[in-house]
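For reference, the structure is listed below as structure tokens.
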Amino acid sequence: MKAIWRFFASTELTIILAILICINAAWGSIVSMKNPAVFQALDQAILFPWLFTIGKANFNISLWIFILVILTTIFAINTTVCTLDKLYSILKDKRPWQSFFPQIVHIGFLIALLGHLVGSIYGFRSPGNFVFQGQAIKVPTQPGLLLRLDDIEMKTSRKAGLEDLKTKVTLLKGEKEILKYNIQLNGPLIYKSIAFYHADQGQAPSGLVLRIGEEDFRIKFGGAFRTAQGAIFKLGSIIPDFAMDEQGNPFSRSQEYRNPYQEIISISGKKDWLPLSALGSSVNLEGQTIELVDYINTPYVVLNINKDPGIGFIISGSAVLVVGMLLLLFLRGERAELVRRIEN
């Protein structure tokens with residue numbers, strides 16, 4: 001047991017591990033550049049679930065990550081044993097309090113490493129979440145938690161282009177508002193280890209403006225409307241690339257919006273298909289001429305939603321590490337004497 005302890009407390013082991021980690025990381029950077037298709041998925045995934053699915057299936061090019069995990073584990077054990085060994089020696093020999101400074105750095109490193117481990121196992125990443133203005137979407141893995149897009153504010157100029165962008169959102173628990181926040185390009189919303197990042201924005205059709213006689217109706221896709229005479233119509237499905245088969249049944253020739261048609265259904269169940277490619281197109285249903293007047297365009301944003309339950313450990317560990325480094329730089333040895341002279 002003592003031999004094992006001495007082995008992991010060895011400074012020589014620390015040096016060897018540092019060299020091996022650098023060599024392995026250099027090899028990994030080359031492999032990653034040669035196989036971008038495989039490693040692109042890692043940018044949107046959690047390390048260990050990815051490692052034992054996609055990484056395992058591509059073991060020949062992900063081997064360096066498995067080796068890196070093993071080397072980092074040994075390095076963490078080496079740091080822990082070395083720190084405990086030094087702390088015992090300092091307390092036993094009653095050394096000056098400045099002797100604790102290097103161990104503070106080690107402890108900060110271990111806390112941050114623990115945070116990365118927790119996040120690599122229990123976190124999640126959910127890219128490409130579309131949310132329209134006024135709409136609320138479910139937050140992944142958080143039952144009852146919703147995010148609503150309230151507004152988008154953009155500041156642009158001819159010289160700089162987009163200067164500032166604020167995505168105004170509200171977090172809701174059921175129907176209760178629990179937090180309002182302005183997400184910025186480099187300022188995500190962080191709530192209970194869940195980070196909401198702004199990825200993109202724009203406008204997209206969310207409904208139609210239809211005219212029957214002298215009446216205009218603004219209807220969201222999937223919505224219904226009633227005319228002054230009491231006739232009720234509903235917007236059904238949309239066929240992206242409309243065509244009719246030999247039996248006269250509509251179908252889509254592709255999934256691309258080359259020739260989109262909107263299904264319109266009357267209260268009695270009769271239906272017809274309204275062309276969406278050009279304004280002014282119309283259909284006749286239940287004796288009513290329904291004309292396409294305009295499109296309803298609604299602002300939207302794309303959010304990347306990530307959860308890192310280890311972020312608290314990472315922040316705390318980094319703070320401890322920085323404090324330890326500052327103590328080492330300014331309150332130990334000759335620098336401490338220099339600080340005392342400056343103060344005097």
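Just remember, in the structure tokens the first chain shown is A, the second B, etc., residues are 1-based per chain, and ligands are 1-based in the order shown.
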
Contact residues around Glu214 of chain A with only C-alpha atoms at 12 Å, ignoring same-chain residues under 3 positions, as a PDB file with N, CA and C atoms, in the first residue's frame:
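Saved to around_9.pdb:
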ATOM      1  N   LEU A 210     -56.473  36.255 -45.195  1.00  0.00           N
ATOM      2  CA  LEU A 210     -57.423  35.791 -46.201  1.00  0.00           C
ATOM      3  C   LEU A 210     -58.586  36.782 -46.308  1.00  0.00           C
ATOM      4  N   ARG A 211     -59.165  36.839 -47.494  1.00  0.00           N
ATOM      5  CA  ARG A 211     -60.279  37.758 -47.729  1.00  0.00           C
ATOM      6  C   ARG A 211     -61.462  36.974 -48.285  1.00  0.00           C
ATOM      7  N   PHE A 217     -59.284  38.369 -42.800  1.00  0.00           N
ATOM      8  CA  PHE A 217     -59.050  37.548 -41.614  1.00  0.00           C
ATOM      9  C   PHE A 217     -57.552  37.256 -41.485  1.00  0.00           C
ATOM     10  N   THR A 227     -66.996  33.799 -40.670  1.00  0.00           N
ATOM     11  CA  THR A 227     -67.397  34.958 -41.456  1.00  0.00           C
ATOM     12  C   THR A 227     -68.599  35.640 -40.798  1.00  0.00           C
ATOM     13  N   ALA A 228     -68.944  36.813 -41.318  1.00  0.00           N
ATOM     14  CA  ALA A 228     -70.092  37.553 -40.777  1.00  0.00           C
ATOM     15  C   ALA A 228     -71.395  36.788 -40.988  1.00  0.00           C
ATOM     16  N   GLN A 229     -71.455  35.933 -42.019  1.00  0.00           N
ATOM     17  CA  GLN A 229     -72.655  35.147 -42.289  1.00  0.00           C
ATOM     18  C   GLN A 229     -72.705  33.856 -41.448  1.00  0.00           C
ATOM     19  N   GLN A 288     -68.220  30.296 -51.048  1.00  0.00           N
ATOM     20  CA  GLN A 288     -67.449  31.476 -50.647  1.00  0.00           C
ATOM     21  C   GLN A 288     -66.108  31.477 -51.394  1.00  0.00           C
ATOM     22  N   THR A 289     -65.749  32.635 -51.927  1.00  0.00           N
ATOM     23  CA  THR A 289     -64.436  32.782 -52.567  1.00  0.00           C
ATOM     24  C   THR A 289     -63.428  33.247 -51.517  1.00  0.00           C
ATOM     25  N   ILE A 290     -62.429  32.402 -51.293  1.00  0.00           N
ATOM     26  CA  ILE A 290     -61.408  32.684 -50.273  1.00  0.00           C
ATOM     27  C   ILE A 290     -60.120  33.067 -50.995  1.00  0.00           C
ATOM     28  N   GLU A 291     -59.685  34.312 -50.789  1.00  0.00           N
ATOM     29  CA  GLU A 291     -58.524  34.849 -51.514  1.00  0.00           C
ATOM     30  C   GLU A 291     -57.346  35.058 -50.565  1.00  0.00           C
ATOM     31  N   VAL A 293     -54.507  37.187 -49.431  1.00  0.00           N
ATOM     32  CA  VAL A 293     -54.164  38.613 -49.518  1.00  0.00           C
ATOM     33  C   VAL A 293     -52.711  38.864 -49.113  1.00  0.00           C
TER      34      VAL A 293
END

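Neighbours of Leu20 of chain A closer than or equal to 12 Å, with only C-alpha atoms counted and sequence neighbours fewer than 5 positions away skipped, come out as Leu13, Thr14, Ile15, Ala25, Ala26, Trp27, Trp64, Ile67, Leu68, Val69, Ile70, Leu71, Thr72, Ile74 and Phe75 of chain A.
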
Please identify all polymer residues within 9 Å of Thr79 of chain A, counting only C-alpha atoms, omitting same-chain residues fewer than 5 positions from it, and present them as number ranges by chain. A: 8-9, 14, 74, 84, 106-107, 109-110

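Using only C-alpha atoms, the smallest distance between any of A:Gly144, A:Gly187, A:Pro49, A:Gly223 and Arg125 of chain A comes from A:Pro49.
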
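If only C-alpha atoms are the atoms counted, then among A:Ile90, A:Leu165, A:Ile65, A:Ile111 the closest residue to Phe48 of chain A is A:Ile65.
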
Return as a PyMOL selection string the full set of residues in segment 109-331 of chain A whose backbone-based DSSP assignment is strand (DSSP E or B). chain A and resi 124-133+136-138+145-157+161-173+176-184+187+189-191+194-212+215-220+224-226+232-239+241-244+250-252+259+261-266+271-275+282-285+288-307

File of the preceding selection, C-alpha atoms, as a compact mmCIF listing (two decimals), in the first residue's frame:
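As a result, part.txt now contains:
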# COMPACT_ATOMS: atom_id res chain seq x y z
CA PHE A 124 -27.31 17.96 -21.91
CA ARG A 125 -27.09 20.08 -25.05
CA SER A 126 -30.13 20.97 -27.13
CA PRO A 127 -29.21 23.06 -30.20
CA GLY A 128 -31.56 24.69 -32.70
CA ASN A 129 -34.64 25.45 -30.60
CA PHE A 130 -36.98 27.65 -32.70
CA VAL A 131 -39.32 29.93 -30.80
CA PHE A 132 -41.63 32.51 -32.41
CA GLN A 133 -42.47 35.82 -30.77
CA ALA A 136 -43.55 29.43 -25.39
CA ILE A 137 -41.51 26.25 -25.78
CA LYS A 138 -40.72 23.49 -23.30
CA LEU A 145 -40.59 24.83 -17.29
CA LEU A 146 -41.33 26.96 -20.36
CA LEU A 147 -39.49 29.75 -22.17
CA ARG A 148 -41.47 32.47 -23.97
CA LEU A 149 -40.08 34.89 -26.55
CA ASP A 150 -41.44 38.35 -25.76
CA ASP A 151 -39.56 40.59 -28.19
CA ILE A 152 -36.36 41.08 -30.21
CA GLU A 153 -34.49 44.39 -30.24
CA MET A 154 -31.74 44.93 -32.82
CA LYS A 155 -29.44 47.90 -33.24
CA THR A 156 -27.68 48.17 -36.59
CA SER A 157 -25.58 50.68 -38.49
CA GLY A 161 -23.84 46.12 -39.23
CA LEU A 162 -25.40 44.47 -36.18
CA GLU A 163 -24.20 46.42 -33.13
CA ASP A 164 -26.48 45.10 -30.42
CA LEU A 165 -29.18 42.48 -30.06
CA LYS A 166 -31.48 41.75 -27.14
CA THR A 167 -33.68 38.67 -27.04
CA LYS A 168 -36.32 39.39 -24.41
CA VAL A 169 -37.57 36.16 -22.89
CA THR A 170 -39.62 35.01 -19.91
CA LEU A 171 -39.27 31.75 -18.01
CA LEU A 172 -42.56 30.28 -16.82
CA LYS A 173 -43.44 27.48 -14.44
CA LYS A 176 -46.55 31.64 -13.52
CA GLU A 177 -43.78 33.99 -14.66
CA ILE A 178 -40.62 33.31 -12.66
CA LEU A 179 -37.94 35.28 -14.52
CA LYS A 180 -37.61 37.92 -17.25
CA TYR A 181 -34.24 38.36 -18.98
CA ASN A 182 -32.58 39.97 -22.01
CA ILE A 183 -30.32 37.44 -23.74
CA GLN A 184 -27.49 39.09 -25.67
CA GLY A 187 -24.69 37.22 -22.53
CA LEU A 189 -29.48 33.47 -19.60
CA ILE A 190 -28.32 31.02 -16.91
CA TYR A 191 -31.00 29.50 -14.70
CA ILE A 194 -29.25 25.73 -17.69
CA ALA A 195 -27.80 28.18 -20.20
CA PHE A 196 -29.86 29.73 -23.01
CA TYR A 197 -27.68 31.04 -25.86
CA HIS A 198 -28.85 33.18 -28.80
CA ALA A 199 -27.84 31.39 -32.01
CA ASP A 200 -29.84 33.07 -34.81
CA GLN A 201 -32.87 35.20 -35.57
CA GLY A 202 -35.17 36.11 -38.46
CA GLN A 203 -38.76 36.14 -39.64
CA ALA A 204 -40.89 33.28 -40.96
CA PRO A 205 -44.50 32.90 -42.15
CA SER A 206 -46.74 31.92 -39.24
CA GLY A 207 -50.17 32.49 -40.81
CA LEU A 208 -52.19 33.95 -43.64
CA VAL A 209 -54.32 37.02 -44.35
CA LEU A 210 -57.42 35.79 -46.20
CA ARG A 211 -60.28 37.76 -47.73
CA ILE A 212 -63.90 36.69 -48.18
CA GLU A 215 -63.86 40.84 -44.80
CA ASP A 216 -60.16 40.23 -44.06
CA PHE A 217 -59.05 37.55 -41.61
CA ARG A 218 -55.62 37.10 -40.00
CA ILE A 219 -55.31 33.41 -39.18
CA LYS A 220 -52.38 31.53 -37.67
CA ALA A 224 -60.00 28.79 -37.64
CA PHE A 225 -62.19 31.79 -38.47
CA ARG A 226 -65.89 32.67 -38.82
CA ILE A 232 -66.63 28.58 -40.29
CA PHE A 233 -63.37 27.55 -41.95
CA LYS A 234 -60.15 26.07 -40.63
CA LEU A 235 -56.59 25.98 -41.96
CA GLY A 236 -55.50 22.35 -42.23
CA SER A 237 -52.20 20.89 -43.34
CA ILE A 238 -49.73 22.35 -45.84
CA ILE A 239 -48.38 20.27 -48.73
CA ASP A 241 -44.69 20.40 -53.23
CA PHE A 242 -48.32 19.93 -54.30
CA ALA A 243 -49.40 17.39 -56.89
CA MET A 244 -52.41 15.12 -57.56
CA PRO A 250 -53.13 15.36 -53.23
CA PHE A 251 -49.56 14.42 -52.31
CA SER A 252 -46.17 16.09 -52.04
CA ASN A 259 -45.24 24.53 -54.82
CA TYR A 261 -50.69 24.56 -50.99
CA GLN A 262 -52.77 25.23 -47.88
CA GLU A 263 -55.65 22.94 -47.00
CA ILE A 264 -58.87 24.83 -46.09
CA ILE A 265 -61.66 22.88 -44.38
CA SER A 266 -65.27 24.00 -43.92
CA LYS A 271 -61.99 20.92 -48.23
CA ASP A 272 -60.04 22.60 -50.98
CA TRP A 273 -56.42 23.57 -51.57
CA LEU A 274 -55.25 27.19 -51.75
CA PRO A 275 -52.00 27.93 -53.66
CA SER A 282 -58.15 31.88 -54.45
CA VAL A 283 -60.44 28.88 -54.00
CA ASN A 284 -64.22 28.52 -53.87
CA LEU A 285 -65.58 26.57 -50.92
CA GLN A 288 -67.45 31.48 -50.65
CA THR A 289 -64.44 32.78 -52.57
CA ILE A 290 -61.41 32.68 -50.27
CA GLU A 291 -58.52 34.85 -51.51
CA LEU A 292 -54.93 34.95 -50.32
CA VAL A 293 -54.16 38.61 -49.52
CA ASP A 294 -50.89 38.45 -47.56
CA TYR A 295 -48.66 36.38 -45.27
CA ILE A 296 -48.25 36.87 -41.55
CA ASN A 297 -44.52 37.02 -40.81
CA THR A 298 -43.51 36.58 -37.19
CA PRO A 299 -40.03 37.20 -35.72
CA TYR A 300 -38.28 34.13 -34.33
CA VAL A 301 -35.03 33.26 -32.63
CA VAL A 302 -33.00 30.09 -32.52
CA LEU A 303 -31.71 29.19 -29.05
CA ASN A 304 -29.14 26.65 -27.97
CA ILE A 305 -30.14 25.28 -24.58
CA ASN A 306 -27.40 23.58 -22.57
CA LYS A 307 -27.31 22.28 -19.04

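Nearest to Lys2 of chain A of all the residues A:Asp85, A:Tyr257, A:Gly222, A:Gly287 is A:Asp85, counting only C-alpha atoms.
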
All alpha helix (DSSP H) positions in segment 115-247 of chain A, as a PyMOL selection string: chain A and resi 115-122

Record the distance separating atom CA of Ile21 of chain A and atom CA of Leu117 of chain A, expressed in Å with one decimal. 17.1 Å

Residue with smallest distance to Gly119 of chain A - pool A:Phe39, A:Phe66, A:Phe313, A:Phe330, counting only C-alpha atoms: A:Phe313

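The interatomic distance for the pair atom CA of Gly115 of chain A and atom CA of Gly312 of chain A works out to 7.1 Å.
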